[in-house]
Amino acid sequence: METKKMFINGQWVEAKNGEIRDIINPFNQEIIAKVSEGNEEDTKEAIKAARTAFDESEWAFTPANERGLIIQKIASLIRRDHEELAKLETLDTGKTLEESRADMEDIANVFFYYGGLTDKNGGEVISSPLPHSQSRVVREPVGVCGQITPWNYPLLQASWKLAPALAAGNTLIMKPSEITPLTTIKVFELMEEAGVPKGVVNLVLGKGNTVGAELSSSTEVDLLSFTGGIETGKEIMRAASSNVKNIALELGGKNPNIVFADADFDTAVDQALNAVFFHGGQVCSAGARLLVEESLHDKFIEALVEKAKRIKLGNGFDEGTQSGPLISAEHREKVESYVEIGKEEGATLALGGERPKAEELQNGFFYSPTIFIDCTSNMRIVQEEVFGPVLTVEKFSSKEEAVKLANDTIYGLAGAVWSNDITKAEYVANRLRMGTVWINDFHPYFAQAPWGGYKQSGIGRELGHTGLEEYTELKHIYRNTKPEPVGWFK
Ligand SMILES: NC(=O)c1ccc[n+]([C@@H]2O[C@H](COP(=O)([O-])OP(=O)(O)OC[C@H]3O[C@@H](n4cnc5c(N)ncnc54)[C@H](O)[C@@H]3O)[C@@H](O)[C@H]2O)c1
Ligand SMILES: C[N+](C)(C)CC=O
């Protein structure tokens, strides 16, 4: 099996220390690839390449529409290789092929969107209050960007960083999750094919505490954009203080899904399932915290449990599989430990709470859909991100109580409200302290709208025009059109 390499300064290179990592299929634990495992030395070299490309090449001054054409070429190449990329993502993450195909469509759309936005970000003319002057604000690239991504949506999260960083004229070093690097490696091949100049995009593979830590602490990196867990985010903030670098953080969530008794019953049940169990609950915005109006509670839970029992776990490549395995043995143990915590805290198991017994699932990291009822807001199982197929259910009896419970969290990524009374739904939506609120829906996100979190779910916004602005610095340029002595110091 040929070892996949890193991309530094326009060259495909092995790790300096020759280390190699096996990449594992979480469905059956087979080795699907071998990749170079870089460390701090490789990262320093990549940072130097990105620094030189930013400071000494013309990339940042390339006409914006030309950069836009390159980004749109990348989008077209992603569309061309859509099926290959989707299969790689399913092999690497275990998610269903249908999900991976949808991800690849979204990813191509992100590149098309930012390719189109590139030359529409020129800045503004200011009405100067001073005579004989011209005043303008321009948006310039931040410089060298470090980008660190997680394993749950490997290429999707990478695309939200790569496309806007290039659009704004930055150079970058990307570090994907060490356990799911395959689609990111492939997209670096496509960026090379699309003609991105040497040194502008660099890929270093390896662990968080080596490659990631070097990117976060380096004084040669101007911006660090991170998607991942809250504790890693805090560590990155500390490391980024080395040179007061710009940071963008997309962290976790414990997202409330609020169902009123007047919601459309069948739709709300179906979508509550999808909200939490899609991709085995390994979604930052998973609706892992269900809040149901008291009068509806028992009927809703009965229907939910019935449907959740029938979720078909299996190989992401098989027709009919609705959910794949969890990403790793270690992650499944974390989920299991949370289920034990829930039981100890007094929550009642209405479904699951164990590994599935089917013979064909025994080599994968599967965990059964799990539902806890009788939950209260002070429980750790309700407050902390499990990042697996575990739902907690609480009751409420008024819209005010629903809002209070939903906001009782350190997180603020996303939430949803279900009701046919639009005034009530709007009341709730306007009071949720979250970056995204869905009314009578769950999960939609797209390139045109910002994504990110309130509170400890992060700093900044990806996607939309704000996602591009994150990769720019603002500069005010003031010109005196009739310079003459001030005469202050006679
Ligand atoms: N807000 C969002 O849009 C969003 C999207 C996807 C995932 N997430 C979050 O990501 C988390 C799951 O992903 P994960 O388990 O890969 O997260 P993680 O924090 O363990 O790892 C994320 C990335 O950070 C790297 N890393 C680890 N330690 C580091 C360090 N000390 N310095 C620098 N980098 C380091 C990892 O190698 C990986 O590439 C969940 O909390 C989920 O909610 C958030
Ligand atoms: C942001 N999203 C929903 C695509 C992935 C979160 O894990």
# chains A, B, ... in the order shown; residues from 1 in each chain; ligands from 1
>>> closest_atom_pairs(of="chain A", to="ligand 2", cutoff="8 Å", atoms="only C-alpha atoms and all ligand atoms", output="JSON lines")
{"residue": "A:Asn152", "atom": "CA", "partner": "ligand 2", "partner_atom_place_in_ligand_line": "7 (O)", "distance": 6.2}
{"residue": "A:Tyr153", "atom": "CA", "partner": "ligand 2", "partner_atom_place_in_ligand_line": "5 (C)", "distance": 5.9}
{"residue": "A:Leu156", "atom": "CA", "partner": "ligand 2", "partner_atom_place_in_ligand_line": "4 (C)", "distance": 6.7}
{"residue": "A:Gln157", "atom": "CA", "partner": "ligand 2", "partner_atom_place_in_ligand_line": "4 (C)", "distance": 6.9}
{"residue": "A:Gly252", "atom": "CA", "partner": "ligand 2", "partner_atom_place_in_ligand_line": "7 (O)", "distance": 7.8}
{"residue": "A:Gln282", "atom": "CA", "partner": "ligand 2", "partner_atom_place_in_ligand_line": "7 (O)", "distance": 6.6}
{"residue": "A:Val283", "atom": "CA", "partner": "ligand 2", "partner_atom_place_in_ligand_line": "7 (O)", "distance": 3.7}
{"residue": "A:Cys284", "atom": "CA", "partner": "ligand 2", "partner_atom_place_in_ligand_line": "7 (O)", "distance": 3.6}
{"residue": "A:Ser285", "atom": "CA", "partner": "ligand 2", "partner_atom_place_in_ligand_line": "3 (C)", "distance": 5.5}
{"residue": "A:Ala286", "atom": "CA", "partner": "ligand 2", "partner_atom_place_in_ligand_line": "7 (O)", "distance": 7.7}
{"residue": "A:His443", "atom": "CA", "partner": "ligand 2", "partner_atom_place_in_ligand_line": "3 (C)", "distance": 6.8}
{"residue": "A:Tyr445", "atom": "CA", "partner": "ligand 2", "partner_atom_place_in_ligand_line": "3 (C)", "distance": 7.0}
{"residue": "A:Trp451", "atom": "CA", "partner": "ligand 2", "partner_atom_place_in_ligand_line": "1 (C)", "distance": 7.4}
>>> residues_around(residues="Arg332 of chain A", least_positions_apart="6", cutoff="12 Å", atoms="only C-alpha atoms", output="PyMOL selection string")
chain A and resi 26+280-282+325-326+338-339+353-355+364-368+386-390
>>> closest_atom_pairs(of="segment 151-171 of chain A", to="segment 109-112 of chain A", cutoff="8 Å", atoms="only C-alpha atoms", output="JSON lines")
{"residue": "A:Ser159", "atom": "CA", "partner": "A:Val110", "partner_atom": "CA", "distance": 6.7}
{"residue": "A:Trp160", "atom": "CA", "partner": "A:Val110", "partner_atom": "CA", "distance": 6.9}
{"residue": "A:Ala163", "atom": "CA", "partner": "A:Phe111", "partner_atom": "CA", "distance": 5.5}
>>> residues_near_ligand(ligand="ligand 1", cutoff="8 Å", atoms="only C-alpha atoms and all ligand atoms", output="PyMOL selection string")
chain A and resi 148-153+157+175-178+206-216+226-233+235-236+249-253+282-285+385+387+413+451-453+457-458
>>> write_last_selection(atoms="N, CA and C atoms", output="short mmCIF file (atom, residue, chain, number, x, y, z; two decimals), in the first residue's frame")
data_model
loop_
_atom_site.label_atom_id
_atom_site.label_comp_id
_atom_site.auth_asym_id
_atom_site.auth_seq_id
_atom_site.Cartn_x
_atom_site.Cartn_y
_atom_site.Cartn_z
N ILE A 148 -7.37 23.91 11.39
CA ILE A 148 -7.39 22.59 12.05
C ILE A 148 -8.83 22.07 12.03
N THR A 149 -8.99 20.83 11.56
CA THR A 149 -10.36 20.32 11.36
C THR A 149 -10.59 18.99 12.11
N PRO A 150 -11.88 18.65 12.35
CA PRO A 150 -12.22 17.43 13.09
C PRO A 150 -12.52 16.25 12.17
N TRP A 151 -12.93 15.12 12.78
CA TRP A 151 -13.12 13.89 12.00
C TRP A 151 -14.57 13.65 11.57
N ASN A 152 -15.53 14.42 12.08
CA ASN A 152 -16.92 14.01 11.83
C ASN A 152 -17.44 14.41 10.45
N TYR A 153 -17.00 15.58 9.98
CA TYR A 153 -17.30 16.02 8.60
C TYR A 153 -15.96 16.48 8.01
N GLN A 157 -15.87 20.43 6.72
CA GLN A 157 -15.33 21.47 7.61
C GLN A 157 -14.07 22.09 7.00
N LYS A 175 -4.31 21.29 8.83
CA LYS A 175 -4.09 20.02 9.53
C LYS A 175 -5.44 19.34 9.74
N PRO A 176 -5.72 18.29 8.97
CA PRO A 176 -6.98 17.57 9.19
C PRO A 176 -6.85 16.68 10.43
N SER A 177 -7.98 16.15 10.89
CA SER A 177 -7.91 15.17 11.98
C SER A 177 -7.00 14.03 11.54
N GLU A 178 -6.16 13.59 12.44
CA GLU A 178 -5.20 12.53 12.10
C GLU A 178 -5.88 11.21 11.74
N GLY A 206 -0.90 14.82 10.89
CA GLY A 206 -0.31 14.45 12.19
C GLY A 206 -1.23 14.81 13.33
N LYS A 207 -0.68 14.65 14.52
CA LYS A 207 -1.51 14.77 15.73
C LYS A 207 -1.73 16.23 16.16
N GLY A 208 -2.73 16.38 17.02
CA GLY A 208 -3.06 17.70 17.54
C GLY A 208 -1.97 18.27 18.43
N ASN A 209 -1.41 17.42 19.30
CA ASN A 209 -0.44 17.97 20.26
C ASN A 209 0.95 18.19 19.67
N THR A 210 1.13 17.87 18.38
CA THR A 210 2.40 18.18 17.71
C THR A 210 2.13 19.22 16.61
N VAL A 211 1.51 18.74 15.52
CA VAL A 211 1.27 19.64 14.37
C VAL A 211 0.30 20.77 14.77
N GLY A 212 -0.80 20.41 15.42
CA GLY A 212 -1.81 21.41 15.80
C GLY A 212 -1.25 22.41 16.78
N ALA A 213 -0.49 21.92 17.75
CA ALA A 213 0.07 22.82 18.77
C ALA A 213 1.08 23.79 18.15
N GLU A 214 1.85 23.30 17.19
CA GLU A 214 2.84 24.17 16.53
C GLU A 214 2.12 25.27 15.72
N LEU A 215 1.06 24.88 15.03
CA LEU A 215 0.31 25.88 14.25
C LEU A 215 -0.30 26.95 15.18
N SER A 216 -0.81 26.49 16.34
CA SER A 216 -1.50 27.42 17.24
C SER A 216 -0.53 28.37 17.92
N PHE A 226 -10.15 27.01 13.86
CA PHE A 226 -10.24 25.67 14.44
C PHE A 226 -11.69 25.20 14.50
N THR A 227 -11.93 23.94 14.15
CA THR A 227 -13.22 23.30 14.42
C THR A 227 -12.94 22.03 15.21
N GLY A 228 -13.58 21.92 16.36
CA GLY A 228 -13.36 20.74 17.18
C GLY A 228 -13.97 20.92 18.55
N GLY A 229 -13.43 20.22 19.53
CA GLY A 229 -14.02 20.19 20.86
C GLY A 229 -13.66 21.41 21.71
N ILE A 230 -14.46 21.62 22.73
CA ILE A 230 -14.33 22.83 23.55
C ILE A 230 -12.99 22.87 24.31
N GLU A 231 -12.55 21.73 24.83
CA GLU A 231 -11.30 21.74 25.60
C GLU A 231 -10.12 22.04 24.69
N THR A 232 -10.11 21.45 23.49
CA THR A 232 -9.04 21.76 22.53
C THR A 232 -9.11 23.23 22.15
N GLY A 233 -10.32 23.75 21.99
CA GLY A 233 -10.49 25.16 21.63
C GLY A 233 -9.86 26.07 22.67
N GLU A 235 -7.43 25.30 24.69
CA GLU A 235 -5.97 25.16 24.62
C GLU A 235 -5.41 25.99 23.46
N ILE A 236 -6.15 25.98 22.35
CA ILE A 236 -5.71 26.75 21.17
C ILE A 236 -5.73 28.25 21.47
N LEU A 249 -13.15 30.04 16.23
CA LEU A 249 -13.38 28.74 16.86
C LEU A 249 -14.80 28.25 16.60
N GLU A 250 -14.91 27.05 16.06
CA GLU A 250 -16.21 26.38 15.86
C GLU A 250 -16.21 25.18 16.79
N LEU A 251 -16.89 25.29 17.92
CA LEU A 251 -16.78 24.24 18.94
C LEU A 251 -18.07 23.43 19.04
N GLY A 252 -18.26 22.78 20.15
CA GLY A 252 -19.36 21.83 20.27
C GLY A 252 -20.70 22.47 20.58
N GLY A 253 -21.68 21.61 20.86
CA GLY A 253 -23.02 22.08 21.19
C GLY A 253 -23.78 21.03 21.99
N GLN A 282 -22.99 12.12 15.82
CA GLN A 282 -21.65 12.74 15.79
C GLN A 282 -21.71 14.03 14.96
N VAL A 283 -22.58 14.91 15.37
CA VAL A 283 -22.83 16.16 14.66
C VAL A 283 -22.83 17.28 15.71
N CYS A 284 -22.06 18.34 15.45
CA CYS A 284 -21.95 19.42 16.44
C CYS A 284 -23.31 19.99 16.80
N SER A 285 -24.22 20.03 15.81
CA SER A 285 -25.53 20.64 16.01
C SER A 285 -26.62 19.60 16.26
N GLU A 385 -21.65 17.54 26.06
CA GLU A 385 -21.76 17.01 24.70
C GLU A 385 -21.28 15.56 24.68
N PHE A 387 -21.80 13.52 21.92
CA PHE A 387 -21.35 13.34 20.53
C PHE A 387 -21.57 11.91 20.06
N LEU A 413 -24.82 26.72 20.09
CA LEU A 413 -24.58 26.52 18.66
C LEU A 413 -25.89 26.57 17.85
N TRP A 451 -22.59 30.42 9.95
CA TRP A 451 -22.67 29.29 10.89
C TRP A 451 -21.66 29.50 12.01
N GLY A 452 -22.13 29.35 13.25
CA GLY A 452 -21.21 29.47 14.38
C GLY A 452 -21.99 29.58 15.67
N GLY A 453 -21.27 29.74 16.77
CA GLY A 453 -21.95 29.62 18.05
C GLY A 453 -21.90 30.84 18.94
N SER A 457 -19.79 27.89 22.43
CA SER A 457 -19.76 27.15 21.16
C SER A 457 -18.81 27.79 20.15
N GLY A 458 -18.21 28.90 20.53
CA GLY A 458 -17.18 29.40 19.62
C GLY A 458 -17.06 30.89 19.49
#
>>> closest_atom_pairs(of="segment 102-160 of chain A", to="segment 461-470 of chain A", cutoff="9 Å", atoms="only C-alpha atoms", output="JSON lines")
{"residue": "A:Val110", "atom": "CA", "partner": "A:Leu463", "partner_atom": "CA", "distance": 8.0}
{"residue": "A:Tyr113", "atom": "CA", "partner": "A:Gly464", "partner_atom": "CA", "distance": 8.6}
{"residue": "A:Tyr114", "atom": "CA", "partner": "A:Leu468", "partner_atom": "CA", "distance": 7.7}
{"residue": "A:Leu117", "atom": "CA", "partner": "A:His465", "partner_atom": "CA", "distance": 7.8}
{"residue": "A:Thr118", "atom": "CA", "partner": "A:Leu468", "partner_atom": "CA", "distance": 8.5}
{"residue": "A:Asn121", "atom": "CA", "partner": "A:Glu469", "partner_atom": "CA", "distance": 8.4}
{"residue": "A:Arg139", "atom": "CA", "partner": "A:Glu469", "partner_atom": "CA", "distance": 8.0}
{"residue": "A:Val142", "atom": "CA", "partner": "A:Glu470", "partner_atom": "CA", "distance": 8.6}
{"residue": "A:Trp160", "atom": "CA", "partner": "A:Leu463", "partner_atom": "CA", "distance": 6.3}
>>> residues_around(residues="Glu302 of chain A", least_positions_apart="4", cutoff="10 Å", atoms="only C-alpha atoms", output="JSON, numbers by chain")
{"A": [269, 297, 298, 306, 307, 350]}
>>> write_last_selection(atoms="C-alpha atoms", output="CSV table (one decimal), in the first residue's frame")
chain,number,residue,atom,x,y,z
A,269,VAL,CA,-41.3,12.8,15.7
A,297,HIS,CA,-44.7,13.9,26.4
A,298,ASP,CA,-45.9,10.3,26.8
A,306,GLU,CA,-40.9,2.8,18.4
A,307,LYS,CA,-39.2,4.5,15.4
A,350,ALA,CA,-36.3,4.2,27.5
>>> select_by_dssp(residues="segment 85-315 of chain A", states="strand (DSSP E)", output="PyMOL selection string")
chain A and resi 124-126+133-141+144-148+171-175+201-203+223-227+246-250+256-259+289-293
>>> write_last_selection(atoms="C-alpha atoms", output="mmCIF file, in the first residue's frame")
data_model
loop_
_atom_site.group_PDB
_atom_site.id
_atom_site.type_symbol
_atom_site.label_atom_id
_atom_site.label_comp_id
_atom_site.auth_asym_id
_atom_site.auth_seq_id
_atom_site.Cartn_x
_atom_site.Cartn_y
_atom_site.Cartn_z
ATOM 1 C CA GLU A 124 -16.064 50.968 0.905
ATOM 2 C CA VAL A 125 -15.623 54.665 0.332
ATOM 3 C CA ILE A 126 -16.052 56.758 3.488
ATOM 4 C CA SER A 133 -9.355 64.287 1.477
ATOM 5 C CA GLN A 134 -10.279 60.863 0.266
ATOM 6 C CA SER A 135 -11.024 58.114 2.695
ATOM 7 C CA ARG A 136 -11.578 54.442 1.960
ATOM 8 C CA VAL A 137 -11.665 51.162 3.823
ATOM 9 C CA VAL A 138 -10.146 48.155 2.095
ATOM 10 C CA ARG A 139 -10.264 44.515 3.047
ATOM 11 C CA GLU A 140 -6.885 42.804 2.923
ATOM 12 C CA PRO A 141 -5.918 39.185 3.607
ATOM 13 C CA VAL A 144 -0.731 33.079 6.995
ATOM 14 C CA CYS A 145 -3.630 30.964 8.274
ATOM 15 C CA GLY A 146 -3.450 27.770 10.301
ATOM 16 C CA GLN A 147 -6.533 25.586 9.848
ATOM 17 C CA ILE A 148 -7.389 22.594 12.050
ATOM 18 C CA THR A 171 -1.843 31.495 2.348
ATOM 19 C CA LEU A 172 -2.528 28.536 4.597
ATOM 20 C CA ILE A 173 -1.448 25.380 6.349
ATOM 21 C CA MET A 174 -4.170 22.804 6.966
ATOM 22 C CA LYS A 175 -4.085 20.021 9.533
ATOM 23 C CA VAL A 201 -1.761 25.876 0.292
ATOM 24 C CA ASN A 202 0.131 23.453 2.517
ATOM 25 C CA LEU A 203 -1.028 20.227 4.129
ATOM 26 C CA LEU A 223 -4.831 33.514 12.079
ATOM 27 C CA LEU A 224 -5.825 30.161 13.514
ATOM 28 C CA SER A 225 -9.175 28.722 12.476
ATOM 29 C CA PHE A 226 -10.242 25.670 14.443
ATOM 30 C CA THR A 227 -13.215 23.301 14.417
ATOM 31 C CA ASN A 246 -6.669 36.144 15.215
ATOM 32 C CA ILE A 247 -8.726 33.115 16.150
ATOM 33 C CA ALA A 248 -11.907 31.583 14.833
ATOM 34 C CA LEU A 249 -13.378 28.736 16.863
ATOM 35 C CA GLU A 250 -16.215 26.382 15.864
ATOM 36 C CA PRO A 256 -32.212 21.852 22.323
ATOM 37 C CA ASN A 257 -35.045 20.612 20.137
ATOM 38 C CA ILE A 258 -38.275 22.130 21.527
ATOM 39 C CA VAL A 259 -41.588 20.474 20.625
ATOM 40 C CA ARG A 289 -31.607 17.541 24.088
ATOM 41 C CA LEU A 290 -35.325 17.099 23.451
ATOM 42 C CA LEU A 291 -37.741 19.383 25.308
ATOM 43 C CA VAL A 292 -41.368 18.239 24.972
ATOM 44 C CA GLU A 293 -44.481 20.017 26.199
#
>>> closest_residue(among="A:Lys5, A:Lys312, A:Arg51, A:Lys34", to="Thr96 of chain A", atoms="only C-alpha atoms")
A:Lys312
>>> select_by_dssp(residues="segment 57-122 of chain A", states="helix (DSSP H, G or I)", output="NGL selection string")
:A and (59-61 or 64-80 or 82-93 or 97-120)
